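Notes for the one structure printed next.
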Amino acid sequence: MKFLHDSWVIFKRSIILSAQNPLWIAIGLLQPILYLSLFGPLLTRMASVPGFPPGDAWRVFVPGLLVQLGIFGGAFVGFVIIAEWRNGVIDRQMVSPASRAALITGRVLRDVVVLLVQTIILITAAIAFGLRVPIEALLLGVVLVMLLGASFSALSYAAGLALKSEDAFAPMVNTFALPVLLLSGILLPMTLAPRWLQIASDFNPFKHMVEALRAVFRSEYFSFTVALGFGLALGLVILSAWVGTRVFGNQTK
Amino acid sequence: MSSNDLMIEARGLKRTYKARKKVIEAVQGIDLSVRRGEIVGFLGPNGAGKTTTLKMLCTLLQPTDGEATVAGCDLRRDPEGVRRNIGYVAQGGTTSGLARVGLEIVSQAELFGIHSTEAKKRGLELLHALDLDDIWDRPCGSLSGGQRRRLDIVMGLLHQPALVFLDEPSTGLDPQSRANLWNHIRRLRDEFETTVFLTTHYMDEADSLSDRLLIIDHGRIAGEGTSSELKARISGDSLTFTLRDNEEAAKAGGVAGGLDKAANVVVEGNVLKFQIPEGARALPGFLKALGEQNIDPIGAEIARPTLDDVFLTLTGRSLRD
């Protein structure tokens with residue numbers, strides 16, 4: 001009860017702060033919208049190339065963009081917590097009797113809600129460009145983005161709070177982001193890749209999540225691919241929640 | 001004194017850090033007691049271990065060793081109880097510059113289980129008490145340095161704690177804002193009966209604000225007492241006399257040397273200087289003794305010792321180092 005109450009208090013404060021600066025929500029959307037409008041049309045021509053997976057270009061491309069939004073929507077929130085720590089907000093909240101887990105959960109919830117708004121806008125735009133998939137597939141897509149967003153937000157807060165320096169945090173996120181992006185088939189499906197690159201990408205869990213969502217967008221709900229992708233996302237949420245809570249708790253060590 | 005009258009009781013509080021395989025002892029075993037209703041100043045140079053000690057007492061840092069009871073709760077076994085009963089105002093501020101004052105106040109109070117309506121009522125009352133009317137809807141970042149610092153204090157008082165920790169409350173403020181802040185801190189104790197534990201590296205702040213001082217240096221308590229006790233005990237007052245000529249000065253030096261507790265007797269030309277506890281009280285007797293030898297000083301001056309002198313005597317270095 002106390003955990004829920006405290007999470008709600010932290011969530012409320014954070015979401016009001018976000019709502020005061022809607023520009024940041026728009027900036028977060030800019031990248032996927034640009035991909036959608038400037039890169040998507042290129043892909044429609046490529047859908048006939050051998051090795052391109054089944055389904056039209058939009059059904060292959062939009063799942064990648066959604067996974068990308070989930071990852072990058074959460075990955076940078078560490079900057080926010082470094083700023084809050086520097087302002088003394090974190091220490092002030094740590095000296096209150098609030099549940100330690102709630103201090104991070106409330107913030108993650110805010111990021112998930114912001115991400116939900118962004119996802120809905122992105123999907124609406126994609127439909128305008130020509131995406132045609134059943135509503136249940138879209139809903140599963142939203143769920144996957146939420147799971148990824150929650151994970152990355154928690155991990156990003158943990159990293160930010162552990163490093164306490166923008167100068168250390170920024171290169172860390174970038175070092176992580178590029179290989180994840182290139183090896184996940186977010187932009188182009190890995191089925192187009194040479195054998196060695198395909199094997200390398202098998203070790204990237206985010207590739208399996210993209211594959212799972214592409215399967216869902218082909219109306220394929222019950223398959224190993226789908227179970228693997230969503231299972232990995234679920235596992236990641238649990239792992240991230242544990243890491244995040246631990247880092248917050250260890251602040252007093 | 002019953003233990004109920006103690007707001008803080010710490011025994012052997014210690015904190016070590018490991019940095020590059022070296023163990024750094026930031027705080028090397030501190031004993032301290034603070035009574036209910038006291039304003040206690042924790043004085044020491046930068047890096048002496050003030051903030052580390054404060055963070056331990058506020059549950060922000062786990063002590064490496066030692067134990068403490070803070071506001072009636074055991075620091076190790078019941079950190080949540082400690083948090084419920086103390087206010088903590090950190091050195092670097094407590095509010096986000098982007099957030100509006102009302103948002104920070106209500107969210108902070110809610111973390112203590114206070115309903116938002118009651119939180120707003122208390123917040124407005126406290127803002128009024130600290131001369132911060134009409135800032136409820138302003139972003140914290142738009143306040144002046146002095147206003148924001150007083151807002152930090154409001155944030156620490158919302159749950160009406162019996163004990164407040166202030167870490168370097170007036171650092172970075174202009175002289176007027178500082179004097180204003182001190183008045184507010186005194187009123188806290190006088191009107192709300194709040195016990196105040198504050199750290200500072202400013203002598204004037206420690207001197208004018210605290211009922212009692214704890215001096216910390218190199219992670220240890222180097223001295224303790226009221227400002228005047230510390231000054232009387234350690235340095236004594238400086239007495240300076242100007243005499244008609246060098247010969248008289250030398251004779252007067254001899255008289256001074258014979259006084260009980262006189263120290264550091266120095267004669268330079270026709271000027272005599274020495275230190276003695278409670279100089280104002282010693283002066284008439286000394287003048288009388290001089291009169292018996294027909295020595296008649298043409299000038300006399302008593303200088304009260306400063307806390308700087310105290311610090312120098314206790315630690316062998318100046319607070320400004």
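Residue numbering restarts at 1 for every chain of the structure tokens, chains are lettered A, B, ... in their displayed order, and ligands are numbered from 1 as they appear.
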Per-residue nearest contacts of region 190-215 of chain A to region 230-238 of chain A (12 Å; only C-alpha atoms) as a tab-separated table:
residue	atom	partner	partner_atom	distance
A:Phe203	CA	A:Leu232	CA	11.9
A:Asn204	CA	A:Leu232	CA	10.6
A:Pro205	CA	A:Leu232	CA	6.8
A:Phe206	CA	A:Ala233	CA	8.4
A:Lys207	CA	A:Leu232	CA	10.4
A:His208	CA	A:Leu232	CA	8.0
A:Met209	CA	A:Phe230	CA	6.4
A:Val210	CA	A:Phe230	CA	9.7
A:Glu211	CA	A:Phe230	CA	10.1
A:Ala212	CA	A:Phe230	CA	7.0
A:Leu213	CA	A:Phe230	CA	8.5
A:Arg214	CA	A:Phe230	CA	11.9
A:Ala215	CA	A:Phe230	CA	11.4
Keeping N, CA, C and O atoms, export the residues of the selection given above as a PDB file, in the first residue's frame.
ATOM      1  N   PHE A 203      22.653 -13.013 -30.955  1.00  0.00           N
ATOM      2  CA  PHE A 203      22.981 -12.773 -29.543  1.00  0.00           C
ATOM      3  C   PHE A 203      22.378 -11.469 -29.034  1.00  0.00           C
ATOM      4  O   PHE A 203      22.523 -11.134 -27.876  1.00  0.00           O
ATOM      5  N   ASN A 204      21.774 -10.718 -29.920  1.00  0.00           N
ATOM      6  CA  ASN A 204      21.158  -9.454 -29.511  1.00  0.00           C
ATOM      7  C   ASN A 204      19.676  -9.700 -29.190  1.00  0.00           C
ATOM      8  O   ASN A 204      18.873  -9.964 -30.081  1.00  0.00           O
ATOM      9  N   PRO A 205      19.311  -9.596 -27.919  1.00  0.00           N
ATOM     10  CA  PRO A 205      17.917  -9.908 -27.552  1.00  0.00           C
ATOM     11  C   PRO A 205      16.910  -9.014 -28.271  1.00  0.00           C
ATOM     12  O   PRO A 205      15.785  -9.443 -28.530  1.00  0.00           O
ATOM     13  N   PHE A 206      17.349  -7.793 -28.634  1.00  0.00           N
ATOM     14  CA  PHE A 206      16.392  -6.861 -29.230  1.00  0.00           C
ATOM     15  C   PHE A 206      16.022  -7.264 -30.646  1.00  0.00           C
ATOM     16  O   PHE A 206      14.949  -6.940 -31.123  1.00  0.00           O
ATOM     17  N   LYS A 207      16.922  -8.016 -31.302  1.00  0.00           N
ATOM     18  CA  LYS A 207      16.569  -8.535 -32.624  1.00  0.00           C
ATOM     19  C   LYS A 207      15.368  -9.466 -32.495  1.00  0.00           C
ATOM     20  O   LYS A 207      14.435  -9.420 -33.299  1.00  0.00           O
ATOM     21  N   HIS A 208      15.372 -10.303 -31.451  1.00  0.00           N
ATOM     22  CA  HIS A 208      14.270 -11.268 -31.284  1.00  0.00           C
ATOM     23  C   HIS A 208      12.965 -10.562 -30.974  1.00  0.00           C
ATOM     24  O   HIS A 208      11.898 -11.042 -31.327  1.00  0.00           O
ATOM     25  N   MET A 209      13.067  -9.407 -30.308  1.00  0.00           N
ATOM     26  CA  MET A 209      11.838  -8.658 -30.006  1.00  0.00           C
ATOM     27  C   MET A 209      11.277  -8.048 -31.291  1.00  0.00           C
ATOM     28  O   MET A 209      10.071  -8.054 -31.515  1.00  0.00           O
ATOM     29  N   VAL A 210      12.171  -7.521 -32.144  1.00  0.00           N
ATOM     30  CA  VAL A 210      11.721  -6.972 -33.426  1.00  0.00           C
ATOM     31  C   VAL A 210      11.077  -8.085 -34.260  1.00  0.00           C
ATOM     32  O   VAL A 210       9.987  -7.919 -34.824  1.00  0.00           O
ATOM     33  N   GLU A 211      11.745  -9.258 -34.304  1.00  0.00           N
ATOM     34  CA  GLU A 211      11.223 -10.402 -35.065  1.00  0.00           C
ATOM     35  C   GLU A 211       9.841 -10.795 -34.555  1.00  0.00           C
ATOM     36  O   GLU A 211       8.924 -11.085 -35.318  1.00  0.00           O
ATOM     37  N   ALA A 212       9.687 -10.807 -33.223  1.00  0.00           N
ATOM     38  CA  ALA A 212       8.409 -11.205 -32.620  1.00  0.00           C
ATOM     39  C   ALA A 212       7.302 -10.243 -33.052  1.00  0.00           C
ATOM     40  O   ALA A 212       6.196 -10.672 -33.419  1.00  0.00           O
ATOM     41  N   LEU A 213       7.621  -8.949 -33.032  1.00  0.00           N
ATOM     42  CA  LEU A 213       6.589  -7.968 -33.376  1.00  0.00           C
ATOM     43  C   LEU A 213       6.253  -8.029 -34.870  1.00  0.00           C
ATOM     44  O   LEU A 213       5.095  -7.843 -35.274  1.00  0.00           O
ATOM     45  N   ARG A 214       7.264  -8.335 -35.702  1.00  0.00           N
ATOM     46  CA  ARG A 214       6.992  -8.497 -37.142  1.00  0.00           C
ATOM     47  C   ARG A 214       6.058  -9.679 -37.370  1.00  0.00           C
ATOM     48  O   ARG A 214       5.144  -9.611 -38.194  1.00  0.00           O
ATOM     49  N   ALA A 215       6.293 -10.751 -36.595  1.00  0.00           N
ATOM     50  CA  ALA A 215       5.419 -11.932 -36.709  1.00  0.00           C
ATOM     51  C   ALA A 215       3.994 -11.548 -36.320  1.00  0.00           C
ATOM     52  O   ALA A 215       3.024 -11.906 -37.010  1.00  0.00           O
TER      53      ALA A 215
END
Chain B residues near chain A (6 Å cut-off, only C-alpha atoms) as a ChimeraX atom specification: /B:60-62,80,83-84,93-96,111
Ile27 (chain A) surroundings by only C-alpha atoms, 12 Å radius, close-in-sequence under 6 positions cut, as an MDAnalysis selection string: chainID A and resid 21 33:34 69 72:73 114 118
Shell of 10 Å around Asp260 (chain B), only C-alpha atoms, local chain residues under 6 positions omitted, as number ranges by chain: B: 276-277, 282
Give me a file of those residues, with all heavy atoms, as a tab-separated table (two decimals), in the first residue's frame.
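That gives us selection-v3.tsv:
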chain	number	residue	atom	x	y	z
B	276	ILE	N	44.96	36.67	28.82
B	276	ILE	CA	44.51	36.22	30.14
B	276	ILE	C	43.02	35.88	30.03
B	276	ILE	O	42.29	36.55	29.31
B	276	ILE	CB	44.78	37.33	31.20
B	276	ILE	CG1	44.61	36.77	32.61
B	276	ILE	CG2	43.87	38.55	30.99
B	276	ILE	CD1	45.31	37.62	33.67
B	277	PRO	N	42.57	34.82	30.71
B	277	PRO	CA	41.13	34.51	30.66
B	277	PRO	C	40.33	35.64	31.29
B	277	PRO	O	40.76	36.23	32.28
B	277	PRO	CB	41.01	33.23	31.49
B	277	PRO	CG	42.39	32.68	31.59
B	277	PRO	CD	43.32	33.86	31.50
B	282	ALA	N	40.13	40.85	34.83
B	282	ALA	CA	41.51	40.93	35.30
B	282	ALA	C	42.07	42.35	35.23
B	282	ALA	O	43.00	42.70	35.95
B	282	ALA	CB	42.39	39.99	34.48
Residue list (strand (DSSP E), DSSP) for region 77-307 of chain B, as a PyMOL selection string: chain B and resi 86-89+163-167+195-200+212-217+220-225+237-242+263-268+271-276+299-303
DSSP helix (DSSP H, G or I) selection over region 91-180 of chain B, as a VMD selection string: chain B and resid 101 to 111 116 to 129 140 to 142 145 to 157 175 to 180
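Note that the spacing between CA of Leu36 (chain A) and CA of Leu144 (chain A) amounts to 18.9 Å.
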Shortest interatomic distance to Gln91 (chain B) - which of B:Glu9, B:Asp217, B:Glu168, B:Glu224, counting only C-alpha atoms: B:Glu168
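Counting only C-alpha atoms, the residue from A:Ala125, A:Met172, A:Leu239, A:Ala200 that sits nearest to Leu65 (chain A) is A:Ala125.
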Neighbour list for Ile8 (chain B) as a ChimeraX atom specification, cut-off 7 Å, only C-alpha atoms, skip fewer than 3 positions in-chain: /B:33-34,69-71
Pairwise distance for CA of Gln293 (chain B) and CA of Gly254 (chain B), rounded to one decimal in Å: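 Atom-to-atom, CA of Gln293 (chain B) to CA of Gly254 (chain B), that is 11.1 Å.
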Arg138 (chain B) surroundings by only C-alpha atoms, 10 Å radius, close-in-sequence under 4 positions cut, as JSON, numbers by chain: {"B": [97, 98, 99, 100, 101, 102, 103, 134, 142, 143]}
